[in-house]
$ cat structure_0.pdb   # PDB, C-alpha atoms and all ligand atoms
ATOM      1  CA  MET A   1     106.002  74.265 100.789  1.00  0.00           C
ATOM      2  CA  ASN A   2     106.963  77.643 102.191  1.00  0.00           C
ATOM      3  CA  PHE A   3     104.381  80.364 102.643  1.00  0.00           C
ATOM      4  CA  ASN A   4     105.338  84.014 102.846  1.00  0.00           C
ATOM      5  CA  LYS A   5     103.161  86.724 104.330  1.00  0.00           C
ATOM      6  CA  CYS A   6     102.826  89.791 102.136  1.00  0.00           C
ATOM      7  CA  ALA A   7     104.315  92.938 103.726  1.00  0.00           C
ATOM      8  CA  ARG A   8     101.702  95.095 101.987  1.00  0.00           C
ATOM      9  CA  CYS A   9      98.332  93.320 102.149  1.00  0.00           C
ATOM     10  CA  GLY A  10      99.016  90.501 104.621  1.00  0.00           C
ATOM     11  CA  CYS A  11      97.930  87.685 102.326  1.00  0.00           C
ATOM     12  CA  PHE A  12      99.903  84.456 102.039  1.00  0.00           C
ATOM     13  CA  TYR A  13     101.742  83.489  98.887  1.00  0.00           C
ATOM     14  CA  ILE A  14     104.381  81.006  97.802  1.00  0.00           C
ATOM     15  CA  THR A  15     106.584  83.017  95.436  1.00  0.00           C
ATOM     16  CA  ASP A  16     109.814  84.746  96.507  1.00  0.00           C
ATOM     17  CA  GLY A  17     110.057  88.357  97.584  1.00  0.00           C
ATOM     18  CA  ALA A  18     108.699  90.563 100.364  1.00  0.00           C
ATOM     19  CA  VAL A  19     105.259  91.032  98.809  1.00  0.00           C
ATOM     20  CA  CYS A  20     102.693  88.860  97.001  1.00  0.00           C
ATOM     21  CA  PRO A  21     102.440  88.803  93.180  1.00  0.00           C
ATOM     22  CA  SER A  22      99.474  91.206  93.148  1.00  0.00           C
ATOM     23  CA  CYS A  23     101.393  93.760  95.259  1.00  0.00           C
ATOM     24  CA  THR A  24     104.633  93.479  93.291  1.00  0.00           C
ATOM     25  CA  PRO A  25     103.520  96.132  90.725  1.00  0.00           C
ATOM     26  CA  LYS A  26     102.646  98.501  93.613  1.00  0.00           C
ATOM     27  CA  ASP A  27     106.153  98.087  95.037  1.00  0.00           C
ATOM     28  CA  LYS A  28     107.655  98.737  91.597  1.00  0.00           C
ATOM     29  CA  ASN A  29     105.510 101.848  91.265  1.00  0.00           C
ATOM     30  CA  ASP A  30     106.712 103.121  94.671  1.00  0.00           C
ATOM     31  CA  ILE A  31     110.337 102.479  93.754  1.00  0.00           C
ATOM     32  CA  SER A  32     109.953 104.438  90.526  1.00  0.00           C
ATOM     33  CA  LYS A  33     108.391 107.324  92.512  1.00  0.00           C
ATOM     34  CA  LEU A  34     111.426 107.234  94.816  1.00  0.00           C
ATOM     35  CA  LYS A  35     113.756 107.272  91.841  1.00  0.00           C
ATOM     36  CA  THR A  36     111.974 110.310  90.379  1.00  0.00           C
ATOM     37  CA  PHE A  37     112.093 112.037  93.758  1.00  0.00           C
ATOM     38  CA  PHE A  38     115.809 111.455  94.304  1.00  0.00           C
ATOM     39  CA  ASP A  39     116.625 112.423  90.726  1.00  0.00           C
ATOM     40  CA  ASP A  40     115.320 115.901  91.594  1.00  0.00           C
ATOM     41  CA  ASN A  41     116.450 116.089  95.228  1.00  0.00           C
ATOM     42  CA  THR A  42     120.024 115.724  96.315  1.00  0.00           C
ATOM     43  CA  ALA A  43     119.483 116.898  99.912  1.00  0.00           C
ATOM     44  CA  GLN A  44     118.971 114.406 102.713  1.00  0.00           C
ATOM     45  CA  VAL A  45     115.375 113.842 103.800  1.00  0.00           C
ATOM     46  CA  THR A  46     113.735 112.138 106.749  1.00  0.00           C
ATOM     47  CA  VAL A  47     111.363 109.198 106.221  1.00  0.00           C
ATOM     48  CA  ASN A  48     108.573 111.558 107.295  1.00  0.00           C
ATOM     49  CA  GLU A  49     109.389 114.118 104.610  1.00  0.00           C
ATOM     50  CA  LEU A  50     109.852 111.409 102.023  1.00  0.00           C
ATOM     51  CA  SER A  51     106.470 109.913 102.852  1.00  0.00           C
ATOM     52  CA  ALA A  52     104.779 113.322 102.538  1.00  0.00           C
ATOM     53  CA  ALA A  53     106.517 114.062  99.235  1.00  0.00           C
ATOM     54  CA  THR A  54     105.901 110.702  97.548  1.00  0.00           C
ATOM     55  CA  GLY A  55     102.664 109.515  99.160  1.00  0.00           C
ATOM     56  CA  ILE A  56     104.356 106.214 100.085  1.00  0.00           C
ATOM     57  CA  SER A  57     103.537 104.998 103.599  1.00  0.00           C
ATOM     58  CA  GLN A  58     106.291 105.157 106.218  1.00  0.00           C
ATOM     59  CA  LYS A  59     105.870 101.430 106.761  1.00  0.00           C
ATOM     60  CA  ASN A  60     106.620 100.685 103.124  1.00  0.00           C
ATOM     61  CA  LEU A  61     109.468 103.224 103.042  1.00  0.00           C
ATOM     62  CA  SER A  62     111.110 101.573 106.044  1.00  0.00           C
ATOM     63  CA  ARG A  63     110.862  98.256 104.248  1.00  0.00           C
ATOM     64  CA  TYR A  64     112.489  99.593 101.067  1.00  0.00           C
ATOM     65  CA  ILE A  65     115.228 101.327 103.051  1.00  0.00           C
ATOM     66  CA  SER A  66     116.090  98.166 104.971  1.00  0.00           C
ATOM     67  CA  GLU A  67     116.255  96.123 101.792  1.00  0.00           C
ATOM     68  CA  LYS A  68     119.719  95.126 100.653  1.00  0.00           C
ATOM     69  CA  GLY A  69     120.898  97.270  97.785  1.00  0.00           C
ATOM     70  CA  PHE A  70     118.551 100.207  98.399  1.00  0.00           C
ATOM     71  CA  GLU A  71     120.426 102.757  96.331  1.00  0.00           C
ATOM     72  CA  TYR A  72     119.279 105.963  98.064  1.00  0.00           C
ATOM     73  CA  LYS A  73     120.116 104.975 101.630  1.00  0.00           C
ATOM     74  CA  LYS A  74     122.708 107.728 102.062  1.00  0.00           C
ATOM     75  CA  GLN A  75     120.030 110.326 101.256  1.00  0.00           C
ATOM     76  CA  ILE A  76     117.819 109.226 104.140  1.00  0.00           C
ATOM     77  CA  LYS A  77     118.254 111.007 107.456  1.00  0.00           C
ATOM     78  CA  LEU A  78     117.827 108.313 110.093  1.00  0.00           C
TER      79      LEU A  78
HETATM   80 ZN    ZN B 101     100.027  91.597  98.840  1.00  0.00          ZN
END

$ encode --input "structure_0.pdb" --output "structure tokens"
Amino acid sequence: MNFNKCARCGCFYITDGAVCPSCTPKDKNDISKLKTFFDDNTAQVTVNELSAATGISQKNLSRYISEKGFEYKKQIKL
């Protein structure tokens, strides 16, 4: 059996994905905040600015940005 370590809370779990089942809704919530933010902002932002505007931690933002298929990558100033 394969155990994964949750990127959010650090607990171990056996399902797929970067976070455990109890953190999955928190990730979804963050992603919907990002969607709302980028719907209103077309300018490029740094991870710092994005974190301040959305309240999402830089650690979690970096994780979303590095995920395959992150649709707002071109709006992030790296
Ligand atoms: Zn977790």

$ resolve_selection --input "structure_0.pdb" --expression "the PyMOL selection byres (((not hetatm)) within 7 of (chain B and resi 101))" --output "PyMOL selection string"
chain A and resi 6-11+19-23

$ residues_around --input "structure_0.pdb" --residues "Leu34 in chain A" --least-positions-apart "6" --cutoff "10 Å" --atoms "all atoms listed in the file" --output "list of chain:residue names"
A:Lys28, A:Leu50, A:Ser51, A:Ala53, A:Thr54, A:Ile56, A:Leu61, A:Tyr64, A:Tyr72

$ closest_residue --input "structure_0.pdb" --among "A:Tyr13, A:Asn60, A:Asn2, A:Val47" --to "Asp30 in chain A" --atoms "all atoms listed in the file"
A:Asn60

$ axis_aligned_box --input "structure_0.pdb" --around "range 32-39 of chain A" --padding-each-side "4 Å" --output "AutoDock Vina command-line options"
--center_x 112.5 --center_y 108.4 --center_z 92.6 --size_x 16.2 --size_y 16.0 --size_z 12.4

$ resolve_selection --input "structure_0.pdb" --expression "the PyMOL selection byres (((chain A and resi 74) around 10) and not hetatm)" --output "PyMOL selection string"
chain A and resi 43-45+65+70-73+75-78

$ residues_around --input "structure_0.pdb" --residues "Phe3 in chain A" --least-positions-apart "4" --cutoff "9 Å" --atoms "all atoms listed in the file" --output "PyMOL selection string"
chain A and resi 12-15

$ write_last_selection --input "structure_0.pdb" --atoms "C-alpha atoms" --output "short mmCIF file (atom, residue, chain, number, x, y, z; two decimals), in the coordinates of the input"
data_model
loop_
_atom_site.label_atom_id
_atom_site.label_comp_id
_atom_site.auth_asym_id
_atom_site.auth_seq_id
_atom_site.Cartn_x
_atom_site.Cartn_y
_atom_site.Cartn_z
CA PHE A 12 99.90 84.46 102.04
CA TYR A 13 101.74 83.49 98.89
CA ILE A 14 104.38 81.01 97.80
CA THR A 15 106.58 83.02 95.44
#

$ closest_residue --input "structure_0.pdb" --among "A:Glu49, A:Asp16, A:Asp40, A:Asp27" --to "Arg63 in chain A" --atoms "all atoms listed in the file"
A:Asp27

$ closest_residue --input "structure_0.pdb" --among "A:Ser62, A:Lys68, A:Thr42, A:Gly55" --to "Asn29 in chain A" --atoms "all atoms listed in the file"
A:Gly55

$ atom_distance --input "structure_0.pdb" --atom1 "CA of Asn41 in chain A" --atom2 "CA of Pro25 in chain A"
24.2 Å

$ atom_distance --input "structure_0.pdb" --atom1 "CA of Asn4 in chain A" --atom2 "CA of Lys35 in chain A"
27.1 Å

$ closest_residue --input "structure_0.pdb" --among "A:Met1, A:Ile31, A:Thr36, A:Lys26" --to "Glu67 in chain A" --atoms "only C-alpha atoms"
A:Ile31

$ decode --input "structure_0.pdb" --residues "range 45-58 of chain A" --atoms "all heavy atoms" --output "PDB file, in the first residue's frame"
ATOM      1  N   VAL A  45       0.590  39.213 -11.713  1.00  0.00           N
ATOM      2  CA  VAL A  45       0.870  39.453 -10.294  1.00  0.00           C
ATOM      3  C   VAL A  45       1.991  38.527  -9.819  1.00  0.00           C
ATOM      4  O   VAL A  45       2.220  37.467 -10.397  1.00  0.00           O
ATOM      5  CB  VAL A  45      -0.374  39.212  -9.411  1.00  0.00           C
ATOM      6  CG1 VAL A  45      -1.432  40.277  -9.643  1.00  0.00           C
ATOM      7  CG2 VAL A  45      -0.960  37.818  -9.649  1.00  0.00           C
ATOM      8  N   THR A  46       2.669  38.958  -8.763  1.00  0.00           N
ATOM      9  CA  THR A  46       3.667  38.076  -8.157  1.00  0.00           C
ATOM     10  C   THR A  46       2.943  37.152  -7.166  1.00  0.00           C
ATOM     11  O   THR A  46       1.808  37.414  -6.769  1.00  0.00           O
ATOM     12  CB  THR A  46       4.722  38.882  -7.372  1.00  0.00           C
ATOM     13  OG1 THR A  46       4.067  39.575  -6.311  1.00  0.00           O
ATOM     14  CG2 THR A  46       5.432  39.879  -8.266  1.00  0.00           C
ATOM     15  N   VAL A  47       3.614  36.087  -6.757  1.00  0.00           N
ATOM     16  CA  VAL A  47       3.041  35.155  -5.784  1.00  0.00           C
ATOM     17  C   VAL A  47       2.735  35.899  -4.479  1.00  0.00           C
ATOM     18  O   VAL A  47       1.711  35.671  -3.842  1.00  0.00           O
ATOM     19  CB  VAL A  47       4.001  33.967  -5.543  1.00  0.00           C
ATOM     20  CG1 VAL A  47       3.497  33.077  -4.415  1.00  0.00           C
ATOM     21  CG2 VAL A  47       4.139  33.137  -6.810  1.00  0.00           C
ATOM     22  N   ASN A  48       3.636  36.823  -4.126  1.00  0.00           N
ATOM     23  CA  ASN A  48       3.449  37.671  -2.954  1.00  0.00           C
ATOM     24  C   ASN A  48       2.141  38.453  -2.993  1.00  0.00           C
ATOM     25  O   ASN A  48       1.360  38.447  -2.041  1.00  0.00           O
ATOM     26  CB  ASN A  48       4.603  38.676  -2.920  1.00  0.00           C
ATOM     27  CG  ASN A  48       5.245  38.714  -1.550  1.00  0.00           C
ATOM     28  OD1 ASN A  48       4.595  38.371  -0.560  1.00  0.00           O
ATOM     29  ND2 ASN A  48       6.485  39.129  -1.488  1.00  0.00           N
ATOM     30  N   GLU A  49       1.920  39.145  -4.102  1.00  0.00           N
ATOM     31  CA  GLU A  49       0.705  39.945  -4.269  1.00  0.00           C
ATOM     32  C   GLU A  49      -0.538  39.060  -4.272  1.00  0.00           C
ATOM     33  O   GLU A  49      -1.570  39.403  -3.696  1.00  0.00           O
ATOM     34  CB  GLU A  49       0.775  40.742  -5.586  1.00  0.00           C
ATOM     35  CG  GLU A  49       1.796  41.848  -5.574  1.00  0.00           C
ATOM     36  CD  GLU A  49       2.143  42.370  -6.970  1.00  0.00           C
ATOM     37  OE1 GLU A  49       1.909  41.649  -7.974  1.00  0.00           O
ATOM     38  OE2 GLU A  49       2.653  43.493  -7.052  1.00  0.00           O
ATOM     39  N   LEU A  50      -0.404  37.926  -4.930  1.00  0.00           N
ATOM     40  CA  LEU A  50      -1.523  36.994  -5.021  1.00  0.00           C
ATOM     41  C   LEU A  50      -1.893  36.457  -3.640  1.00  0.00           C
ATOM     42  O   LEU A  50      -3.070  36.349  -3.286  1.00  0.00           O
ATOM     43  CB  LEU A  50      -1.129  35.848  -5.966  1.00  0.00           C
ATOM     44  CG  LEU A  50      -2.230  34.902  -6.402  1.00  0.00           C
ATOM     45  CD1 LEU A  50      -3.375  35.651  -7.059  1.00  0.00           C
ATOM     46  CD2 LEU A  50      -1.666  33.866  -7.377  1.00  0.00           C
ATOM     47  N   SER A  51      -0.885  36.157  -2.849  1.00  0.00           N
ATOM     48  CA  SER A  51      -1.102  35.662  -1.497  1.00  0.00           C
ATOM     49  C   SER A  51      -1.816  36.719  -0.648  1.00  0.00           C
ATOM     50  O   SER A  51      -2.768  36.418   0.074  1.00  0.00           O
ATOM     51  CB  SER A  51       0.238  35.282  -0.871  1.00  0.00           C
ATOM     52  OG  SER A  51       0.054  34.897   0.467  1.00  0.00           O
ATOM     53  N   ALA A  52      -1.368  37.980  -0.771  1.00  0.00           N
ATOM     54  CA  ALA A  52      -1.983  39.066  -0.005  1.00  0.00           C
ATOM     55  C   ALA A  52      -3.426  39.291  -0.442  1.00  0.00           C
ATOM     56  O   ALA A  52      -4.308  39.551   0.382  1.00  0.00           O
ATOM     57  CB  ALA A  52      -1.166  40.345  -0.175  1.00  0.00           C
ATOM     58  N   ALA A  53      -3.687  39.163  -1.738  1.00  0.00           N
ATOM     59  CA  ALA A  53      -5.026  39.448  -2.256  1.00  0.00           C
ATOM     60  C   ALA A  53      -6.021  38.328  -1.974  1.00  0.00           C
ATOM     61  O   ALA A  53      -7.213  38.574  -1.791  1.00  0.00           O
ATOM     62  CB  ALA A  53      -4.954  39.717  -3.761  1.00  0.00           C
ATOM     63  N   THR A  54      -5.554  37.091  -1.919  1.00  0.00           N
ATOM     64  CA  THR A  54      -6.480  35.959  -1.780  1.00  0.00           C
ATOM     65  C   THR A  54      -6.454  35.327  -0.395  1.00  0.00           C
ATOM     66  O   THR A  54      -7.350  34.561  -0.054  1.00  0.00           O
ATOM     67  CB  THR A  54      -6.130  34.841  -2.796  1.00  0.00           C
ATOM     68  OG1 THR A  54      -4.790  34.429  -2.577  1.00  0.00           O
ATOM     69  CG2 THR A  54      -6.312  35.321  -4.229  1.00  0.00           C
ATOM     70  N   GLY A  55      -5.415  35.623   0.403  1.00  0.00           N
ATOM     71  CA  GLY A  55      -5.293  35.006   1.708  1.00  0.00           C
ATOM     72  C   GLY A  55      -4.786  33.566   1.648  1.00  0.00           C
ATOM     73  O   GLY A  55      -4.779  32.865   2.655  1.00  0.00           O
ATOM     74  N   ILE A  56      -4.362  33.128   0.458  1.00  0.00           N
ATOM     75  CA  ILE A  56      -3.822  31.768   0.305  1.00  0.00           C
ATOM     76  C   ILE A  56      -2.322  31.827   0.590  1.00  0.00           C
ATOM     77  O   ILE A  56      -1.639  32.730   0.121  1.00  0.00           O
ATOM     78  CB  ILE A  56      -4.074  31.245  -1.128  1.00  0.00           C
ATOM     79  CG1 ILE A  56      -5.580  31.269  -1.434  1.00  0.00           C
ATOM     80  CG2 ILE A  56      -3.506  29.839  -1.308  1.00  0.00           C
ATOM     81  CD1 ILE A  56      -5.906  31.009  -2.897  1.00  0.00           C
ATOM     82  N   SER A  57      -1.807  30.861   1.353  1.00  0.00           N
ATOM     83  CA  SER A  57      -0.385  30.910   1.700  1.00  0.00           C
ATOM     84  C   SER A  57       0.491  30.743   0.460  1.00  0.00           C
ATOM     85  O   SER A  57       0.100  30.103  -0.514  1.00  0.00           O
ATOM     86  CB  SER A  57      -0.049  29.826   2.724  1.00  0.00           C
ATOM     87  OG  SER A  57      -0.042  28.568   2.105  1.00  0.00           O
ATOM     88  N   GLN A  58       1.693  31.348   0.514  1.00  0.00           N
ATOM     89  CA  GLN A  58       2.607  31.253  -0.623  1.00  0.00           C
ATOM     90  C   GLN A  58       2.985  29.801  -0.902  1.00  0.00           C
ATOM     91  O   GLN A  58       3.193  29.410  -2.045  1.00  0.00           O
ATOM     92  CB  GLN A  58       3.861  32.081  -0.354  1.00  0.00           C
ATOM     93  CG  GLN A  58       3.541  33.551  -0.261  1.00  0.00           C
ATOM     94  CD  GLN A  58       4.768  34.434  -0.370  1.00  0.00           C
ATOM     95  OE1 GLN A  58       5.780  34.037  -0.936  1.00  0.00           O
ATOM     96  NE2 GLN A  58       4.681  35.631   0.165  1.00  0.00           N
TER      97      GLN A  58
END
